[in-house]
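Visitor: Pasting in a structure now, in structure tokens, and then I'll have a few things to ask.
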Amino acid sequence: PPYTSPQARQKVLDLARIVSQYQGHVRVHMIPFTETQLAIYKNADESYAITLMRRMMYRLAEMLCERKNCKAIVNGESIGQVASQTLTSMSVINSVTNMPVIRPVACLDKLEIIDISKKIDTYETSILPYEDCCTVFVPKHPVINPKLEDSIKMEEKFDYEPMIKEAVDWHVGCWDDSGDTEPEDPEVEDAIGAIDGDNTISVNENTLTSGTYTLRYIDENDSIIDSFKPITSFTI
């Protein structure tokens, strides 16, 4: 949000539930990415938007992997399927991480991938017409042979590192295959009370250490909504 819908979020969760039947433990992490995307569009050539977005996604993935003790990044890239998946694009995008990147369907064509998705029952969900963060911001003419030096020059026009860190800091493990959520900071969650009838938010400051905290919307299932958009903040 505000560029993607709740249905797009639910689509991801539904796909995770289906895929979890075929592999080990699955946890979905939602990471706020809009600020970074807008910075890319403000400072970079539009044709490089997807290239730079995916370079940022790899940085996000690597940082999250380090925090969660994961050993590799896995994606669904298929060589030549779209502009960001030419060998040149993949090389430029991949250059931001030293982690192993596993691509199970890299050498399969589109029809082979569709056949697999039908066999594992992900196809009908995957084609639901809810735009994700890439399709919303896709340029009219994406570059298919990006240059690494051009990508780096464009990224030097804005300070993306704090954006990446903040996005990972505020990520939420919103679902796993046990059906549980994973609060990233239970101490903070336990300290925040309900919103009273006069919209006053009660906070038990005695349970918190010194610092600045951001209050955010949650739904009836204690899941953060509205793409983690802050209500307000307070400092102790």
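Chain labels follow the order of the structure tokens: the first chain is A, the next B, and so on; residue numbering restarts at 1 in every chain, and ligands are counted from 1 in their shown order.
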Based on DSSP run over this structure's backbone, return all residues of stretch 95-135 of chain A in alpha helix (DSSP H), as a list in words.

Guide: Lys110, Leu111, Glu112, Ile113, Ile114, Asp115, Ile116, Ser117, Lys118, Lys119, Tyr123, Glu124, Thr125, Ser126, Cys133, Cys134 and Thr135 of chain A

Visitor: Save out the residues we just selected, C-alpha atoms, as a CSV table (one decimal), in the first residue's frame.

Guide:
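Result saved to result_39.csv:
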```csv
chain,number,residue,atom,x,y,z
A,110,LYS,CA,7.2,-20.8,-19.5
A,111,LEU,CA,5.0,-23.7,-20.5
A,112,GLU,CA,7.1,-26.1,-18.3
A,113,ILE,CA,6.7,-23.8,-15.4
A,114,ILE,CA,3.0,-23.5,-15.9
A,115,ASP,CA,2.7,-27.3,-16.1
A,116,ILE,CA,4.4,-27.6,-12.7
A,117,SER,CA,2.3,-24.9,-11.2
A,118,LYS,CA,-0.9,-26.8,-12.3
A,119,LYS,CA,0.4,-30.0,-10.8
A,123,TYR,CA,-1.5,-21.9,-11.0
A,124,GLU,CA,-5.0,-20.6,-10.4
A,125,THR,CA,-3.9,-18.5,-7.5
A,126,SER,CA,-0.8,-17.2,-9.3
A,133,CYS,CA,5.2,-4.1,-6.2
A,134,CYS,CA,7.0,-4.8,-9.5
A,135,THR,CA,4.0,-4.8,-11.9
```

Visitor: Tell me, counting only C-alpha atoms, for each residue of stretch 85-113 of chain A within 12 Å of stretch 147-155 of chain A, which pair of atoms is nearest and how far apart they are in Å to one decimal, in rows ordered by chain and increasing number, as JSON lines.

Guide:
```
{"residue": "A:Leu87", "atom": "CA", "partner": "A:Lys147", "partner_atom": "CA", "distance": 11.9}
{"residue": "A:Thr88", "atom": "CA", "partner": "A:Lys147", "partner_atom": "CA", "distance": 8.2}
{"residue": "A:Ser89", "atom": "CA", "partner": "A:Lys147", "partner_atom": "CA", "distance": 8.3}
{"residue": "A:Met90", "atom": "CA", "partner": "A:Leu148", "partner_atom": "CA", "distance": 10.7}
{"residue": "A:Ser91", "atom": "CA", "partner": "A:Leu148", "partner_atom": "CA", "distance": 8.6}
{"residue": "A:Val92", "atom": "CA", "partner": "A:Leu148", "partner_atom": "CA", "distance": 5.4}
{"residue": "A:Ile93", "atom": "CA", "partner": "A:Leu148", "partner_atom": "CA", "distance": 8.4}
{"residue": "A:Asn94", "atom": "CA", "partner": "A:Leu148", "partner_atom": "CA", "distance": 10.4}
{"residue": "A:Ser95", "atom": "CA", "partner": "A:Leu148", "partner_atom": "CA", "distance": 8.5}
{"residue": "A:Val96", "atom": "CA", "partner": "A:Ile152", "partner_atom": "CA", "distance": 10.0}
```

Visitor: Can you tell me, as a PyMOL selection string, which residues in stretch 66-179 of chain A count as strand (DSSP E) by DSSP?

Guide: chain A and resi 73-74+101-102+172-176

Visitor: Could you list, as an mmCIF file with C-alpha atoms, in the first residue's frame, every residue within 8 Å of A:Ile18, counting only C-alpha atoms and ignoring same-chain residues fewer than 3 positions away?

Guide:
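The file below, around_22.cif, is the result:
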```
data_model
loop_
_atom_site.group_PDB
_atom_site.id
_atom_site.type_symbol
_atom_site.label_atom_id
_atom_site.label_comp_id
_atom_site.auth_asym_id
_atom_site.auth_seq_id
_atom_site.Cartn_x
_atom_site.Cartn_y
_atom_site.Cartn_z
ATOM 1 C CA ASP A 14 -2.226 -18.243 -0.127
ATOM 2 C CA LEU A 15 0.642 -19.288 -2.381
ATOM 3 C CA GLN A 21 2.880 -28.705 1.536
ATOM 4 C CA TYR A 22 5.805 -29.590 -0.727
ATOM 5 C CA ILE A 120 1.058 -28.393 -7.380
ATOM 6 C CA ASP A 121 -2.147 -26.296 -7.491
ATOM 7 C CA THR A 122 -0.518 -22.858 -7.475
#
```

Visitor: Using only C-alpha atoms, which residue out of A:Val82, A:Val105, A:Ile40, A:Met163 lies closest to A:Met53?

Guide: A:Ile40

Visitor: Of the residues A:Leu13, A:Ala167, A:Ala83, A:Ala8, which is the one nearest to A:Arg54, using only C-alpha atoms?

Guide: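 Ranking A:Leu13, A:Ala167, A:Ala83, A:Ala8 by distance to A:Arg54, first place goes to A:Ala83.
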
Visitor: Which of these, A:Leu108, A:Val168, A:Val143, A:Ile73, has the shortest distance to A:Tyr58 once you count only C-alpha atoms?

Guide: A:Ile73

Visitor: Determine, counting only C-alpha atoms, which protein, DNA and RNA residues have an atom within 8 Å of an atom of stretch 156-158 of chain A; residues of the same chain fewer than 5 positions away are not included. Present the result as number ranges by chain.

Guide: A: 39, 43-44

Visitor: Determine the nearest neighbour of A:Pro146 from the options A:Ser47, A:Glu35, A:Pro2, A:Gln7, counting only C-alpha atoms.

Guide: A:Ser47

Visitor: Give me, as a PDB file with all heavy atoms, in the first residue's frame, all polymer residues having an atom no more than 8 Å from A:Val26, counting only C-alpha atoms and skipping those fewer than 6 positions away in the same chain.

Guide:
```pdb
ATOM      1  N   ALA A  16       1.970 -19.231  -0.352  1.00  0.00           N
ATOM      2  CA  ALA A  16       2.875 -19.805   0.646  1.00  0.00           C
ATOM      3  C   ALA A  16       2.256 -21.029   1.318  1.00  0.00           C
ATOM      4  O   ALA A  16       2.936 -22.025   1.563  1.00  0.00           O
ATOM      5  CB  ALA A  16       3.235 -18.756   1.694  1.00  0.00           C
ATOM      6  N   SER A  20       3.927 -24.697   1.009  1.00  0.00           N
ATOM      7  CA  SER A  20       4.415 -25.298   2.257  1.00  0.00           C
ATOM      8  C   SER A  20       4.120 -26.795   2.342  1.00  0.00           C
ATOM      9  O   SER A  20       4.749 -27.510   3.123  1.00  0.00           O
ATOM     10  CB  SER A  20       3.795 -24.589   3.465  1.00  0.00           C
ATOM     11  OG  SER A  20       2.398 -24.845   3.552  1.00  0.00           O
ATOM     12  N   ASP A 176       3.494 -18.483   9.048  1.00  0.00           N
ATOM     13  CA  ASP A 176       4.344 -19.629   8.756  1.00  0.00           C
ATOM     14  C   ASP A 176       3.470 -20.865   8.645  1.00  0.00           C
ATOM     15  O   ASP A 176       2.256 -20.818   8.841  1.00  0.00           O
ATOM     16  CB  ASP A 176       5.472 -19.806   9.784  1.00  0.00           C
ATOM     17  CG  ASP A 176       4.960 -20.170  11.172  1.00  0.00           C
ATOM     18  OD1 ASP A 176       3.789 -20.606  11.301  1.00  0.00           O
ATOM     19  OD2 ASP A 176       5.713 -20.038  12.138  1.00  0.00           O
ATOM     20  N   ASP A 177       4.066 -21.995   8.302  1.00  0.00           N
ATOM     21  CA  ASP A 177       3.273 -23.176   8.009  1.00  0.00           C
ATOM     22  C   ASP A 177       2.698 -23.846   9.252  1.00  0.00           C
ATOM     23  O   ASP A 177       1.982 -24.831   9.145  1.00  0.00           O
ATOM     24  CB  ASP A 177       4.080 -24.192   7.184  1.00  0.00           C
ATOM     25  CG  ASP A 177       5.429 -24.493   7.804  1.00  0.00           C
ATOM     26  OD1 ASP A 177       5.695 -23.995   8.913  1.00  0.00           O
ATOM     27  OD2 ASP A 177       6.222 -25.203   7.172  1.00  0.00           O
TER      28      ASP A 177
END
```

Visitor: I'd like the contact shell of A:Asp132 - 12 Å cut-off, only C-alpha atoms, skipping same-chain residues fewer than 4 positions apart - returned as a short mmCIF file (atom, residue, chain, number, x, y, z; two decimals) with N, CA and C atoms, in the first residue's frame.

Guide:
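Saved to part_4.cif:
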```
data_model
loop_
_atom_site.label_atom_id
_atom_site.label_comp_id
_atom_site.auth_asym_id
_atom_site.auth_seq_id
_atom_site.Cartn_x
_atom_site.Cartn_y
_atom_site.Cartn_z
N PRO A 1 0.82 -1.19 0.00
CA PRO A 1 0.00 0.00 0.00
C PRO A 1 0.87 1.27 0.00
N PRO A 2 0.40 2.38 -0.56
CA PRO A 2 -0.93 2.54 -1.16
C PRO A 2 -1.02 2.04 -2.60
N TYR A 3 0.05 1.46 -3.13
CA TYR A 3 0.07 1.07 -4.54
C TYR A 3 -0.35 -0.38 -4.77
N THR A 4 -0.37 -1.17 -3.75
CA THR A 4 -0.84 -2.56 -3.88
C THR A 4 -2.02 -2.77 -2.93
N SER A 5 -2.80 -3.79 -3.21
CA SER A 5 -4.05 -4.01 -2.48
C SER A 5 -3.89 -5.11 -1.42
N PRO A 6 -4.82 -5.18 -0.46
CA PRO A 6 -4.83 -6.30 0.49
C PRO A 6 -4.95 -7.65 -0.22
N GLN A 7 -5.61 -7.66 -1.38
CA GLN A 7 -5.74 -8.91 -2.14
C GLN A 7 -4.40 -9.40 -2.65
N ALA A 8 -3.50 -8.47 -3.01
CA ALA A 8 -2.17 -8.86 -3.45
C ALA A 8 -1.39 -9.50 -2.30
N ARG A 9 -1.55 -8.95 -1.11
CA ARG A 9 -0.90 -9.53 0.08
C ARG A 9 -1.45 -10.92 0.35
N GLN A 10 -2.78 -11.06 0.27
CA GLN A 10 -3.40 -12.35 0.54
C GLN A 10 -2.99 -13.39 -0.49
N LYS A 11 -2.79 -12.96 -1.72
CA LYS A 11 -2.35 -13.87 -2.78
C LYS A 11 -1.01 -14.50 -2.41
N VAL A 12 -0.10 -13.69 -1.89
CA VAL A 12 1.21 -14.20 -1.46
C VAL A 12 1.06 -15.22 -0.34
N PHE A 33 8.45 -1.58 1.18
CA PHE A 33 9.41 -1.31 0.11
C PHE A 33 9.08 -0.05 -0.69
N THR A 34 7.94 0.56 -0.40
CA THR A 34 7.46 1.69 -1.21
C THR A 34 8.43 2.86 -1.21
N SER A 126 -1.85 -18.02 -8.73
CA SER A 126 -0.78 -17.17 -9.26
C SER A 126 -1.26 -16.22 -10.35
N ILE A 127 -2.34 -16.57 -11.05
CA ILE A 127 -2.82 -15.71 -12.14
C ILE A 127 -3.91 -14.74 -11.70
N LEU A 128 -4.23 -14.71 -10.43
CA LEU A 128 -5.20 -13.73 -9.95
C LEU A 128 -4.69 -12.32 -10.25
N VAL A 136 3.28 -2.84 -10.55
CA VAL A 136 2.77 -1.48 -10.39
C VAL A 136 3.77 -0.46 -10.93
N PHE A 137 5.06 -0.74 -10.72
CA PHE A 137 6.09 0.23 -11.09
C PHE A 137 6.85 -0.15 -12.36
N VAL A 138 6.37 -1.10 -13.12
CA VAL A 138 7.11 -1.54 -14.30
C VAL A 138 7.19 -0.41 -15.33
#
```

Visitor: Which is closer to A:Ile102 than all the others in A:Asn75, A:Asn145, A:Asn69, A:Gln37, using only C-alpha atoms?

Guide: A:Asn75

Visitor: So that I can see what lies close to A:Lys71, please list as a list in words the residues with an atom at most 10 Å from it, counting only C-alpha atoms and leaving out residues fewer than 2 positions away in the same chain.

Guide: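 These residues fall inside the cut-off: Glu62, Cys65, Glu66, Lys68, Asn69, Ile73, Val74, Met99, Pro100 and Val101 of chain A.
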